[in-house]
Structures are given as C-alpha cells and as structure tokens.
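**Q** Okay, so here is data.txt, and as you'll see once you scroll down, it has compact mmCIF, C-alpha atoms and all ligand atoms.
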# COMPACT_ATOMS: atom_id res chain seq x y z
CA MET A 1 -80.77 -84.85 120.34
CA LYS A 2 -82.65 -83.50 117.36
CA LYS A 3 -80.40 -82.69 114.41
CA GLN A 4 -79.84 -78.93 114.28
CA ILE A 5 -80.32 -77.31 110.91
CA ILE A 6 -80.80 -73.95 109.23
CA GLU A 7 -84.50 -74.02 108.55
CA LYS A 8 -85.08 -70.65 106.93
CA ILE A 9 -83.08 -67.71 105.57
CA GLU A 10 -84.57 -64.26 105.03
CA ILE A 11 -82.83 -61.71 102.79
CA TYR A 12 -83.87 -58.04 102.84
CA LYS A 13 -83.01 -54.87 100.98
CA LEU A 14 -82.72 -52.10 103.58
CA LYS A 15 -83.10 -48.64 102.14
CA ILE A 16 -81.96 -45.95 104.58
CA PRO A 17 -81.25 -42.36 103.48
CA LEU A 18 -78.25 -40.47 104.86
CA LYS A 19 -78.93 -37.31 106.86
CA GLU A 20 -76.70 -35.42 104.39
CA PRO A 21 -74.67 -36.44 101.29
CA PHE A 22 -71.17 -37.62 102.28
CA THR A 23 -68.10 -37.16 100.04
CA VAL A 24 -64.74 -38.97 100.06
CA SER A 25 -62.01 -38.90 97.42
CA LEU A 26 -63.66 -41.89 95.68
CA GLY A 27 -67.14 -40.35 95.31
CA THR A 28 -70.30 -39.09 97.02
CA PHE A 29 -72.88 -41.16 98.92
CA TYR A 30 -76.58 -40.26 99.35
CA ASN A 31 -78.09 -43.44 100.79
CA ALA A 32 -77.04 -46.35 102.97
CA ASP A 33 -78.57 -49.18 100.96
CA LEU A 34 -77.89 -52.33 102.96
CA VAL A 35 -78.68 -56.03 102.73
CA ALA A 36 -79.91 -57.72 105.90
CA ILE A 37 -79.79 -61.47 106.54
CA ARG A 38 -81.75 -63.45 109.11
CA ILE A 39 -80.81 -67.11 109.60
CA ILE A 40 -83.40 -69.14 111.49
CA SER A 41 -82.51 -72.50 113.06
CA ASN A 42 -84.94 -75.31 113.79
CA ASN A 43 -84.47 -74.76 117.54
CA GLY A 44 -86.21 -71.40 117.12
CA LEU A 45 -83.21 -69.03 117.24
CA ILE A 46 -82.68 -66.14 114.83
CA GLY A 47 -79.23 -64.86 113.82
CA SER A 48 -79.06 -61.38 112.25
CA GLY A 49 -76.38 -59.92 110.00
CA GLU A 50 -76.02 -57.03 107.55
CA VAL A 51 -73.74 -55.54 104.95
CA SER A 52 -73.27 -52.00 103.71
CA PRO A 53 -72.17 -52.75 100.12
CA GLY A 54 -69.66 -49.88 99.60
CA ILE A 55 -69.50 -49.80 95.79
CA PHE A 56 -66.15 -47.98 95.49
CA ILE A 57 -64.33 -50.29 97.87
CA LEU A 58 -66.18 -53.62 97.77
CA GLY A 59 -67.42 -53.39 94.17
CA SER A 60 -70.93 -54.47 95.13
CA THR A 61 -74.36 -52.85 95.41
CA MET A 62 -77.48 -53.61 97.41
CA ASP A 63 -78.95 -55.28 94.31
CA SER A 64 -75.87 -57.42 93.55
CA ASP A 65 -75.50 -58.47 97.20
CA PHE A 66 -79.23 -59.28 97.40
CA GLU A 67 -78.89 -61.62 94.38
CA LEU A 68 -75.69 -63.26 95.67
CA ALA A 69 -77.32 -63.79 99.06
CA LYS A 70 -79.78 -66.15 97.35
CA THR A 71 -76.84 -68.27 96.11
CA ILE A 72 -75.13 -68.28 99.50
CA GLY A 73 -78.43 -69.11 101.19
CA GLU A 74 -78.85 -72.18 98.96
CA LEU A 75 -75.33 -73.34 99.96
CA ILE A 76 -76.16 -73.47 103.68
CA ILE A 77 -79.91 -74.12 103.97
CA GLY A 78 -80.64 -77.42 105.74
CA LYS A 79 -77.11 -77.64 107.17
CA ASP A 80 -75.86 -77.44 110.79
CA PRO A 81 -75.61 -73.71 111.67
CA PHE A 82 -73.35 -74.39 114.65
CA ALA A 83 -70.59 -76.10 112.67
CA LEU A 84 -69.17 -72.61 112.18
CA GLU A 85 -65.92 -73.51 110.39
CA ASP A 86 -67.80 -75.65 107.86
CA ARG A 87 -70.46 -73.02 107.23
CA ILE A 88 -67.87 -70.24 106.82
CA LYS A 89 -66.09 -72.52 104.35
CA ASP A 90 -69.37 -72.83 102.39
CA ILE A 91 -69.80 -69.05 102.36
CA ASP A 92 -66.15 -68.34 101.55
CA SER A 93 -66.37 -70.61 98.50
CA LEU A 94 -67.61 -67.46 96.73
CA TYR A 95 -64.09 -66.09 97.44
CA SER A 96 -64.69 -62.47 96.39
CA ASN A 97 -67.84 -60.58 97.42
CA SER A 98 -66.56 -60.19 100.97
CA GLY A 99 -69.46 -57.87 101.85
CA ILE A 100 -72.35 -60.27 101.48
CA ARG A 101 -70.22 -63.08 102.93
CA SER A 102 -69.74 -60.93 106.04
CA ALA A 103 -73.51 -60.51 106.47
CA PHE A 104 -73.90 -64.30 106.60
CA ASP A 105 -70.86 -64.70 108.86
CA MET A 106 -72.32 -62.10 111.25
CA ALA A 107 -75.69 -63.85 111.33
CA LEU A 108 -74.04 -67.23 111.98
CA TYR A 109 -71.93 -65.83 114.85
CA ASP A 110 -75.06 -64.18 116.30
CA LEU A 111 -76.90 -67.50 116.08
CA ALA A 112 -74.03 -69.61 117.50
CA SER A 113 -73.50 -67.31 120.48
CA LYS A 114 -77.25 -67.25 121.14
CA ASN A 115 -77.21 -71.04 121.05
CA ALA A 116 -74.37 -70.99 123.60
CA ASN A 117 -76.44 -68.49 125.64
CA LEU A 118 -73.51 -66.05 125.70
CA PRO A 119 -73.08 -62.46 124.51
CA LEU A 120 -70.94 -62.60 121.35
CA TYR A 121 -67.87 -61.09 123.06
CA LYS A 122 -67.89 -63.88 125.68
CA PHE A 123 -68.44 -66.46 122.94
CA LEU A 124 -65.24 -65.05 121.37
CA GLY A 125 -63.41 -65.22 124.70
CA GLY A 126 -63.52 -61.50 125.52
CA SER A 127 -64.30 -59.48 128.63
CA LYS A 128 -66.16 -56.22 129.04
CA ASP A 129 -63.28 -54.31 130.57
CA ARG A 130 -62.86 -51.75 127.76
CA LYS A 131 -64.07 -48.23 127.05
CA ILE A 132 -65.11 -48.04 123.40
CA TYR A 133 -65.80 -44.69 121.79
CA THR A 134 -65.82 -43.52 118.21
CA ASP A 135 -64.24 -40.74 116.26
CA MET A 136 -66.51 -38.77 113.93
CA THR A 137 -65.62 -38.38 110.26
CA ILE A 138 -65.56 -35.12 108.30
CA GLY A 139 -66.22 -35.53 104.58
CA ILE A 140 -64.52 -33.55 101.80
CA GLU A 141 -65.68 -29.91 101.52
CA THR A 142 -64.03 -26.51 101.42
CA PRO A 143 -61.50 -25.90 104.26
CA GLU A 144 -63.92 -23.40 105.85
CA LYS A 145 -66.86 -25.82 105.80
CA MET A 146 -64.69 -28.68 107.10
CA ALA A 147 -63.45 -26.52 110.00
CA ALA A 148 -67.06 -25.54 110.82
CA ASN A 149 -68.05 -29.23 110.76
CA ALA A 150 -65.15 -30.05 113.07
CA VAL A 151 -66.28 -27.46 115.62
CA LYS A 152 -69.84 -28.82 115.44
CA ILE A 153 -68.61 -32.39 116.04
CA ILE A 154 -66.50 -31.37 119.03
CA ASN A 155 -69.40 -29.36 120.47
CA GLU A 156 -71.56 -32.46 120.15
CA GLY A 157 -69.03 -34.19 122.40
CA PHE A 158 -67.14 -36.52 120.07
CA PRO A 159 -63.61 -37.11 121.43
CA GLU A 160 -61.76 -37.53 118.08
CA ILE A 161 -61.99 -36.34 114.48
CA LYS A 162 -61.20 -38.26 111.31
CA ILE A 163 -60.69 -36.08 108.23
CA LYS A 164 -61.23 -37.27 104.67
CA LEU A 165 -58.40 -36.07 102.41
CA GLY A 166 -56.87 -37.24 99.11
CA ARG A 167 -57.02 -34.11 96.96
CA GLU A 168 -54.09 -31.80 96.10
CA PRO A 169 -51.54 -31.92 98.96
CA ASP A 170 -51.62 -28.12 99.41
CA LEU A 171 -55.42 -28.14 99.68
CA ASP A 172 -55.38 -31.11 102.07
CA ILE A 173 -52.82 -29.38 104.29
CA LYS A 174 -54.96 -26.22 104.23
CA CYS A 175 -58.01 -28.24 105.36
CA VAL A 176 -56.17 -29.86 108.26
CA LYS A 177 -54.60 -26.53 109.29
CA ALA A 178 -58.07 -24.91 109.35
CA ILE A 179 -59.49 -27.76 111.42
CA ARG A 180 -56.56 -27.88 113.87
CA GLU A 181 -56.79 -24.12 114.42
CA ALA A 182 -60.57 -24.36 114.91
CA VAL A 183 -60.56 -27.22 117.45
CA GLY A 184 -57.32 -26.47 119.31
CA ASP A 185 -54.35 -28.67 120.15
CA ASN A 186 -55.98 -31.28 122.38
CA ILE A 187 -58.39 -33.04 120.01
CA PRO A 188 -56.90 -36.19 118.43
CA ILE A 189 -57.02 -36.04 114.62
CA LYS A 190 -56.76 -38.93 112.14
CA VAL A 191 -56.69 -38.49 108.35
CA ASP A 192 -57.73 -40.73 105.46
CA ALA A 193 -56.66 -40.14 101.83
CA ASN A 194 -58.78 -43.02 100.47
CA GLN A 195 -56.09 -43.78 97.81
CA GLY A 196 -56.24 -40.21 96.50
CA TRP A 197 -52.51 -39.38 96.46
CA SER A 198 -49.63 -40.41 94.23
CA GLU A 199 -46.48 -41.51 96.06
CA VAL A 200 -44.93 -38.06 95.50
CA ASP A 201 -48.13 -36.30 96.66
CA ALA A 202 -48.35 -38.55 99.71
CA LYS A 203 -44.83 -37.71 100.84
CA LYS A 204 -45.48 -33.99 100.32
CA ALA A 205 -48.85 -34.12 102.11
CA LEU A 206 -47.60 -36.19 105.05
CA ASN A 207 -44.57 -33.94 105.59
CA GLY A 208 -46.82 -30.87 105.48
CA LEU A 209 -49.34 -32.44 107.86
CA SER A 210 -46.78 -33.58 110.44
CA GLN A 211 -46.88 -30.24 112.32
CA TYR A 212 -50.60 -30.76 113.11
CA ASN A 213 -50.15 -33.75 115.42
CA ILE A 214 -51.87 -36.45 113.36
CA ILE A 215 -52.37 -39.94 114.85
CA TYR A 216 -52.20 -41.77 111.52
CA ALA A 217 -52.94 -41.47 107.79
CA GLU A 218 -55.09 -44.14 106.10
CA GLU A 219 -54.53 -45.59 102.62
CA PRO A 220 -52.30 -42.93 101.00
CA VAL A 221 -52.06 -44.37 97.44
CA LYS A 222 -54.04 -46.62 95.07
CA ARG A 223 -55.05 -49.83 96.78
CA GLY A 224 -52.88 -52.86 96.25
CA ASN A 225 -49.78 -50.79 95.57
CA ILE A 226 -48.07 -52.28 98.60
CA SER A 227 -44.50 -51.48 97.58
CA SER A 228 -45.44 -47.80 97.18
CA MET A 229 -47.12 -47.83 100.60
CA ALA A 230 -43.92 -49.36 102.02
CA ASN A 231 -41.84 -46.55 100.46
CA ILE A 232 -44.16 -43.96 101.99
CA LYS A 233 -44.12 -45.64 105.41
CA LYS A 234 -40.31 -45.65 105.44
CA GLU A 235 -40.15 -41.84 105.16
CA SER A 236 -43.44 -40.71 106.65
CA PRO A 237 -43.41 -38.61 109.84
CA ILE A 238 -47.02 -39.84 110.39
CA PRO A 239 -47.85 -43.55 110.92
CA ILE A 240 -49.60 -45.24 107.99
CA MET A 241 -52.76 -47.35 108.33
CA ALA A 242 -53.72 -49.82 105.59
CA ASP A 243 -57.44 -49.81 104.83
CA GLU A 244 -58.56 -50.57 101.26
CA SER A 245 -55.34 -52.58 100.70
CA LEU A 246 -56.11 -54.72 103.74
CA CYS A 247 -59.23 -56.76 103.13
CA ASN A 248 -58.48 -60.22 104.49
CA HIS A 249 -55.82 -62.10 106.45
CA LYS A 250 -53.86 -62.87 103.27
CA ASP A 251 -53.53 -59.15 102.57
CA ALA A 252 -52.46 -58.69 106.19
CA LEU A 253 -49.67 -61.24 105.80
CA ASN A 254 -48.50 -59.63 102.55
CA ILE A 255 -48.43 -56.16 104.13
CA VAL A 256 -46.44 -57.48 107.09
CA LYS A 257 -43.95 -59.19 104.77
CA GLN A 258 -43.38 -55.91 102.91
CA ASP A 259 -43.36 -53.80 106.09
CA ALA A 260 -45.86 -51.49 104.38
CA SER A 261 -48.10 -50.30 107.23
CA ASP A 262 -47.91 -49.28 110.88
CA PHE A 263 -51.58 -50.09 111.61
CA PHE A 264 -54.43 -52.19 110.17
CA ASN A 265 -58.00 -51.00 109.60
CA ILE A 266 -60.35 -53.99 109.92
CA LYS A 267 -63.86 -53.80 108.46
CA LEU A 268 -66.10 -56.84 108.50
CA ALA A 269 -67.39 -56.13 104.98
CA LYS A 270 -63.79 -56.24 103.70
CA SER A 271 -62.61 -59.27 105.65
CA GLY A 272 -65.69 -61.36 104.88
CA GLY A 273 -66.83 -61.25 108.50
CA ILE A 274 -65.78 -62.00 112.06
CA ASN A 275 -64.04 -65.30 111.33
CA ASN A 276 -61.54 -63.70 108.96
CA ALA A 277 -61.26 -60.55 111.11
CA LEU A 278 -60.00 -62.73 113.96
CA LYS A 279 -57.33 -64.10 111.61
CA ILE A 280 -56.23 -60.52 110.77
CA CYS A 281 -55.98 -59.79 114.50
CA ALA A 282 -53.77 -62.87 114.93
CA ILE A 283 -51.39 -61.79 112.16
CA ALA A 284 -51.33 -58.24 113.56
CA ASP A 285 -50.54 -59.62 117.00
CA ALA A 286 -47.64 -61.67 115.64
CA ALA A 287 -46.28 -58.58 113.84
CA ASP A 288 -46.88 -56.25 116.83
CA ILE A 289 -49.29 -54.14 114.77
CA LYS A 290 -52.26 -52.39 116.41
CA CYS A 291 -55.62 -52.43 114.68
CA GLN A 292 -58.65 -50.22 114.17
CA VAL A 293 -62.20 -51.33 113.50
CA GLY A 294 -63.97 -49.27 110.86
CA CYS A 295 -67.27 -49.21 109.04
CA PHE A 296 -69.09 -48.21 105.85
CA PHE A 297 -72.74 -47.20 106.46
CA GLU A 298 -73.76 -50.01 108.81
CA THR A 299 -76.64 -49.64 111.27
CA ARG A 300 -76.16 -50.16 115.00
CA LEU A 301 -76.44 -53.92 114.35
CA GLY A 302 -73.17 -54.04 112.39
CA LEU A 303 -71.56 -51.64 114.88
CA SER A 304 -72.71 -53.85 117.76
CA ALA A 305 -70.99 -56.84 116.11
CA LEU A 306 -67.81 -54.72 115.88
CA TYR A 307 -68.15 -53.74 119.55
CA HIS A 308 -68.17 -57.42 120.55
CA LEU A 309 -65.11 -58.05 118.38
CA VAL A 310 -63.23 -55.20 120.06
CA LEU A 311 -64.01 -56.66 123.49
CA ALA A 312 -62.55 -59.96 122.32
CA ARG A 313 -59.23 -58.73 120.89
CA GLU A 314 -57.06 -56.29 122.84
CA ASN A 315 -54.88 -55.31 119.86
CA ILE A 316 -57.87 -53.40 118.43
CA VAL A 317 -57.12 -49.99 119.90
CA PHE A 318 -58.62 -47.47 117.42
CA PHE A 319 -62.35 -47.14 116.85
CA ASP A 320 -63.94 -45.63 113.75
CA MET A 321 -67.52 -46.69 114.48
CA ASP A 322 -69.53 -43.64 113.44
CA SER A 323 -71.74 -44.94 110.59
CA ALA A 324 -74.99 -44.98 112.56
CA PHE A 325 -74.68 -41.22 113.14
CA PHE A 326 -74.95 -40.61 109.39
CA LEU A 327 -78.21 -42.55 108.94
CA ALA A 328 -81.54 -40.70 108.86
CA GLU A 329 -83.27 -43.69 110.51
CA ASP A 330 -82.31 -46.20 113.21
CA PRO A 331 -84.03 -49.54 112.42
CA ILE A 332 -82.37 -51.47 115.27
CA ILE A 333 -83.77 -52.68 118.58
CA GLY A 334 -81.25 -53.35 121.37
CA GLY A 335 -77.48 -53.36 120.80
CA ILE A 336 -74.93 -50.69 121.61
CA LYS A 337 -76.05 -47.14 122.35
CA SER A 338 -74.22 -43.83 122.37
CA GLU A 339 -75.63 -41.63 125.07
CA LYS A 340 -72.90 -39.00 125.02
CA ASN A 341 -69.41 -38.13 123.86
CA GLY A 342 -69.32 -40.79 121.15
CA VAL A 343 -68.94 -43.48 123.82
CA TRP A 344 -70.63 -46.76 122.88
CA THR A 345 -72.08 -48.85 125.69
CA LEU A 346 -73.86 -52.19 125.82
CA LYS A 347 -76.07 -51.93 128.88
CA ASP A 348 -78.73 -54.54 128.23
CA GLU A 349 -76.57 -57.62 127.80
CA LYS A 350 -78.24 -60.45 125.90
CA PRO A 351 -76.98 -63.60 124.16
CA GLY A 352 -75.54 -63.04 120.68
CA ILE A 353 -74.95 -59.58 119.23
CA GLY A 354 -77.90 -58.40 121.32
CA ALA A 355 -79.34 -56.29 118.49
CA GLU A 356 -82.03 -57.06 115.95
CA PHE A 357 -83.88 -55.37 113.11
CA ASP A 358 -87.16 -53.72 114.03
CA PRO A 359 -89.78 -56.11 112.55
CA VAL A 360 -92.02 -53.16 111.60
CA PHE A 361 -89.17 -51.62 109.61
CA LEU A 362 -88.36 -54.97 107.97
CA SER A 363 -92.00 -55.57 107.01
CA GLU A 364 -91.81 -52.61 104.61
CA MET A 365 -88.68 -53.83 102.83
CA GLU A 366 -88.27 -56.06 99.76
CA LYS A 367 -87.66 -59.62 100.92
CA PHE A 368 -86.62 -63.04 99.60
CA VAL A 369 -87.05 -66.22 101.66
CA ILE A 370 -85.25 -69.56 101.34
CA GLU A 371 -86.69 -72.54 103.22
MG MG B 1 -60.36 -45.54 105.27
Now, as a test, write the supplied structure out as structure tokens.
**A**
Amino acid sequence: MKKQIIEKIEIYKLKIPLKEPFTVSLGTFYNADLVAIRIISNNGLIGSGEVSPGIFILGSTMDSDFELAKTIGELIIGKDPFALEDRIKDIDSLYSNSGIRSAFDMALYDLASKNANLPLYKFLGGSKDRKIYTDMTIGIETPEKMAANAVKIINEGFPEIKIKLGREPDLDIKCVKAIREAVGDNIPIKVDANQGWSEVDAKKALNGLSQYNIIYAEEPVKRGNISSMANIKKESPIPIMADESLCNHKDALNIVKQDASDFFNIKLAKSGGINNALKICAIADAADIKCQVGCFFETRLGLSALYHLVLARENIVFFDMDSAFFLAEDPIIGGIKSEKNGVWTLKDEKPGIGAEFDPVFLSEMEKFVIE
C-alpha cells in the first residue's frame, strides 16, 4: 500500500461581517474573522477545519492564527494524516493557542473519518438518535431592548434564550426580569456573566435571579479563580457552568477536584479540538457532570463538527450552537441545517463532517499554501 501522507495544507483568512454588532461583558464584536484550514492527503481527500479566534477569551486574532498555522503546517506536512494521536501530539506541541490547534484537529478528524468512509459521529462511535437544537443568545443592551430581542427570538421559533450579563447585579436582575416577563414562564433561560461579577456581586445577582427560573449561570467571576467559583457554587440557588475557566481536560480535572462547577461548557477553540474535547467529556462522565457545547463565531462547518461530537457523547446535554445565525454570510456547502425552531439536522449524510467551504467564497480570500 502506498504510504499515506499530508501532501498539501491550505490556510485562509475568512472575513465575514456580523449582521449586527454583538456585545458581551468583555467587549463588542463587529466581524467574525476566521481562519480556515484544508488538509489534503495524497489519496485525494480533503479535511476542512476552522477557528473563530475570540480575542478576549483565546487571546488570538485572525492574523496571529494565520501566522501560527504556517508553523503548525510545517510540523505535519509530509506525515501520515491518519496517525491521529501522533499528529495531535505534533499540533499540541504549541501548547497554548488552542484556537488554531483546534482548526487543524478538526481538519484531521474530517480527513480521518472520510478515509474510514464514515460520518464523523460514527467514526467517534456515536449514533444519530438525538434531537439537537440551539438556544439563541441576547447580547448586552438596555433591559427594554433585551426584552424586545427576546420576544423577536421566540417569535422566530428558538426554543431557549441565553442572556449575556455581567454588569451591576441590580441592572442584570432588571434585564432578566424584563425578559422573563416578556417571554412568559415556559421559555428556558440560561445566563452568562462572562467573568463580569465579583464574588460578592455574583452571590447577590444569583440570589436575585433565582426567582426567574434560570437553568444555569456561566462563568460568574474572573477566569481561573476556581476557589471563588467553588465558593459561589456552594451557595448559589442557580447551577454554575464553567466556560472561560474550562479550556482543556486539565482544567476540567482541576475544577472537579475543587468542586467548583455544576456543568462544563466545551468549545473546540478552547479545548484545542475534538481530541481534547473527548477527554473533557470523559472527566465529566467520571464526575457525573453534564456538558454543553458552545461556540464563538464559527460558520456551519464548525457547528457541524460540534453536532457530530454531541451525537458521540451522551453527557453533552446543553446546546449553545447559534453562531451561524449572527453571520451576514454563509460560506458553507453541506453540513447541518436549521430549517425551523433552532433545530439542527443533518439530512444529507456524507463521510467526515459533511460540510465544506464554498470554493467560490474561498477563492476571494487571502491564502497561504504549504506543500
Ligand atoms: Mg460563556
């Protein structure tokens, strides 16, 4: 059998505007500037991956990830793409920069499952017996504007709302009260402080919010302050979900040891990709912790990869997969589609992730090739 190697790697800057600016406690976003990776093997298969850099959380930009991708590409070009553990080890030798590592990991998993002629979820041992839908996120605005946005989202058919908080507790409580009154009692609501509270503020906010039937609160205080998160969890009437503090499986283990979170929020750009996300799921399983999958501003390609991951791990029970709805353009062919009610479906089942970048869209983007 001919030796299988990575013959070519293409790196792209994907510039996609958002439909509207989006604000969280960390800052405001105007564009989804992504980096796309295509790994081409000498048996003619193409694996696609992407990262949404997320400056405030991942500390990277489209430009920095584009440059680092050249270094990662040089580490794996000419090597066996299907020796997944070895290739992930090559990529993970960069240690930080989890975002761009995840784009390569995604492309390698796409390629390996295509080579096995299986949809990615089957390659990961999953089955299609799940209904996967997404919440829709409301950015920070005035309470009146946030309530109006909530009504709009529910009228569009989304089944759940996630509210960005992290300002003064009294203002945050006012926002949630306005939204709960506007949408009624039956709509599930999640909240996310994005590290915006102090420990004192968090306790005040969570106590004030408890009357509004909140599913969970994400990342109450500054990331990495695990002992403070543990203190909050101990007293909170609302379950706590670690997000920014939970990047990889080592963080997951540390959070479990300190009993600091009720739930985990897994994002591929934080974990460094699917390989490490599976390790987080394993630690969560051992600790009886349920997980969510979340996103930054990924296209439907990144969301499709998440969809496959959900089908493969039953302890992922919350879905925050709304990024594609914020993008002004959809550059993806195939993959998951949302026809109504925020429900994602994968109808046209193909090997791999089953989604790829539109070549016409890619042809207009800045590109670097390693071969
Ligand atoms: Mg979050």
**Q** Using only C-alpha atoms and all ligand atoms, find the one residue out of A:Cys247, A:Val176, A:Ile336, A:Ala182 that sits nearest to ligand MG 1 (chain B).
**A**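 For ligand MG 1 (chain B), the nearest of the given residues is A:Cys247.
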**Q** Just want the 8 Å neighbourhood of Lys290 of chain A, counted on only C-alpha atoms, with same-chain residues fewer than 3 positions away dropped. Output as a list of chain:residue names.
**A**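 So the residues in contact are A:Asp262, A:Phe263, A:Phe264, A:Ala284, A:Asp285, A:Asn315, A:Ile316, A:Val317.
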**Q** Please return the centre and edge lengths, in Å to one decimal, of a box with edges along x, y and z that contains all listed atoms of segment 131-139 of chain A, widened by 4 Å on every side, as AutoDock Vina command-line options.
**A**
--center_x -65.3 --center_y -41.7 --center_z 115.8 --size_x 10.4 --size_y 21.1 --size_z 30.5
**Q** Report, in Å with one decimal, the straight-line distance from atom CA of Gly27 of chain A to atom CA of Met321 of chain A.
**A** 20.2 Å
**Q** Between A:Glu244, A:Glu371, A:Glu156, A:Glu199, which has the minimum distance to Leu75 of chain A (counting all atoms listed in the file)?
**A**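 Among the listed residues, the smallest separation from Leu75 of chain A belongs to A:Glu371.
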**Q** Please complete segment 53-74 of chain A with N, CA and C atoms and give it back as a PDB file, keeping the file's coordinate frame.
**A**
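Ended up saving to rebuild-v6.pdb:
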ATOM      1  N   PRO A  53     -72.939 -52.292 101.280  1.00  0.00           N
ATOM      2  CA  PRO A  53     -72.170 -52.750 100.120  1.00  0.00           C
ATOM      3  C   PRO A  53     -70.913 -51.939  99.749  1.00  0.00           C
ATOM      4  N   GLY A  54     -70.909 -50.626  99.855  1.00  0.00           N
ATOM      5  CA  GLY A  54     -69.660 -49.880  99.600  1.00  0.00           C
ATOM      6  C   GLY A  54     -69.122 -50.058  98.188  1.00  0.00           C
ATOM      7  N   ILE A  55     -69.831 -49.567  97.205  1.00  0.00           N
ATOM      8  CA  ILE A  55     -69.500 -49.800  95.790  1.00  0.00           C
ATOM      9  C   ILE A  55     -68.048 -49.499  95.432  1.00  0.00           C
ATOM     10  N   PHE A  56     -67.498 -48.372  95.913  1.00  0.00           N
ATOM     11  CA  PHE A  56     -66.150 -47.980  95.490  1.00  0.00           C
ATOM     12  C   PHE A  56     -65.062 -48.876  96.080  1.00  0.00           C
ATOM     13  N   ILE A  57     -65.363 -49.506  97.195  1.00  0.00           N
ATOM     14  CA  ILE A  57     -64.330 -50.290  97.870  1.00  0.00           C
ATOM     15  C   ILE A  57     -64.595 -51.788  97.740  1.00  0.00           C
ATOM     16  N   LEU A  58     -65.853 -52.194  97.826  1.00  0.00           N
ATOM     17  CA  LEU A  58     -66.180 -53.620  97.770  1.00  0.00           C
ATOM     18  C   LEU A  58     -66.654 -54.047  96.379  1.00  0.00           C
ATOM     19  N   GLY A  59     -66.994 -53.071  95.533  1.00  0.00           N
ATOM     20  CA  GLY A  59     -67.420 -53.390  94.170  1.00  0.00           C
ATOM     21  C   GLY A  59     -68.798 -54.037  94.108  1.00  0.00           C
ATOM     22  N   SER A  60     -69.599 -53.856  95.148  1.00  0.00           N
ATOM     23  CA  SER A  60     -70.930 -54.470  95.130  1.00  0.00           C
ATOM     24  C   SER A  60     -71.990 -53.410  95.433  1.00  0.00           C
ATOM     25  N   THR A  61     -73.240 -53.747  95.122  1.00  0.00           N
ATOM     26  CA  THR A  61     -74.360 -52.850  95.410  1.00  0.00           C
ATOM     27  C   THR A  61     -75.397 -53.630  96.207  1.00  0.00           C
ATOM     28  N   MET A  62     -76.398 -52.926  96.695  1.00  0.00           N
ATOM     29  CA  MET A  62     -77.480 -53.610  97.410  1.00  0.00           C
ATOM     30  C   MET A  62     -78.102 -54.675  96.502  1.00  0.00           C
ATOM     31  N   ASP A  63     -78.318 -54.332  95.232  1.00  0.00           N
ATOM     32  CA  ASP A  63     -78.950 -55.280  94.310  1.00  0.00           C
ATOM     33  C   ASP A  63     -78.065 -56.500  94.051  1.00  0.00           C
ATOM     34  N   SER A  64     -76.751 -56.273  93.836  1.00  0.00           N
ATOM     35  CA  SER A  64     -75.870 -57.420  93.550  1.00  0.00           C
ATOM     36  C   SER A  64     -75.731 -58.304  94.790  1.00  0.00           C
ATOM     37  N   ASP A  65     -75.609 -57.683  95.963  1.00  0.00           N
ATOM     38  CA  ASP A  65     -75.500 -58.470  97.200  1.00  0.00           C
ATOM     39  C   ASP A  65     -76.792 -59.239  97.487  1.00  0.00           C
ATOM     40  N   PHE A  66     -77.929 -58.625  97.190  1.00  0.00           N
ATOM     41  CA  PHE A  66     -79.230 -59.280  97.400  1.00  0.00           C
ATOM     42  C   PHE A  66     -79.310 -60.555  96.540  1.00  0.00           C
ATOM     43  N   GLU A  67     -78.857 -60.452  95.268  1.00  0.00           N
ATOM     44  CA  GLU A  67     -78.890 -61.620  94.380  1.00  0.00           C
ATOM     45  C   GLU A  67     -77.916 -62.702  94.853  1.00  0.00           C
ATOM     46  N   LEU A  68     -76.688 -62.278  95.213  1.00  0.00           N
ATOM     47  CA  LEU A  68     -75.690 -63.260  95.670  1.00  0.00           C
ATOM     48  C   LEU A  68     -76.123 -63.937  96.966  1.00  0.00           C
ATOM     49  N   ALA A  69     -76.855 -63.213  97.785  1.00  0.00           N
ATOM     50  CA  ALA A  69     -77.320 -63.790  99.060  1.00  0.00           C
ATOM     51  C   ALA A  69     -78.204 -65.015  98.797  1.00  0.00           C
ATOM     52  N   LYS A  70     -78.941 -64.985  97.683  1.00  0.00           N
ATOM     53  CA  LYS A  70     -79.780 -66.150  97.350  1.00  0.00           C
ATOM     54  C   LYS A  70     -78.907 -67.377  97.096  1.00  0.00           C
ATOM     55  N   THR A  71     -77.782 -67.157  96.386  1.00  0.00           N
ATOM     56  CA  THR A  71     -76.840 -68.270  96.110  1.00  0.00           C
ATOM     57  C   THR A  71     -76.210 -68.780  97.397  1.00  0.00           C
ATOM     58  N   ILE A  72     -75.760 -67.858  98.243  1.00  0.00           N
ATOM     59  CA  ILE A  72     -75.130 -68.280  99.500  1.00  0.00           C
ATOM     60  C   ILE A  72     -76.156 -69.019 100.367  1.00  0.00           C
ATOM     61  N   GLY A  73     -77.367 -68.482 100.402  1.00  0.00           N
ATOM     62  CA  GLY A  73     -78.430 -69.110 101.190  1.00  0.00           C
ATOM     63  C   GLY A  73     -78.652 -70.562 100.772  1.00  0.00           C
ATOM     64  N   GLU A  74     -78.643 -70.812  99.462  1.00  0.00           N
ATOM     65  CA  GLU A  74     -78.850 -72.180  98.960  1.00  0.00           C
ATOM     66  C   GLU A  74     -77.696 -73.109  99.372  1.00  0.00           C
TER      67      GLU A  74
END
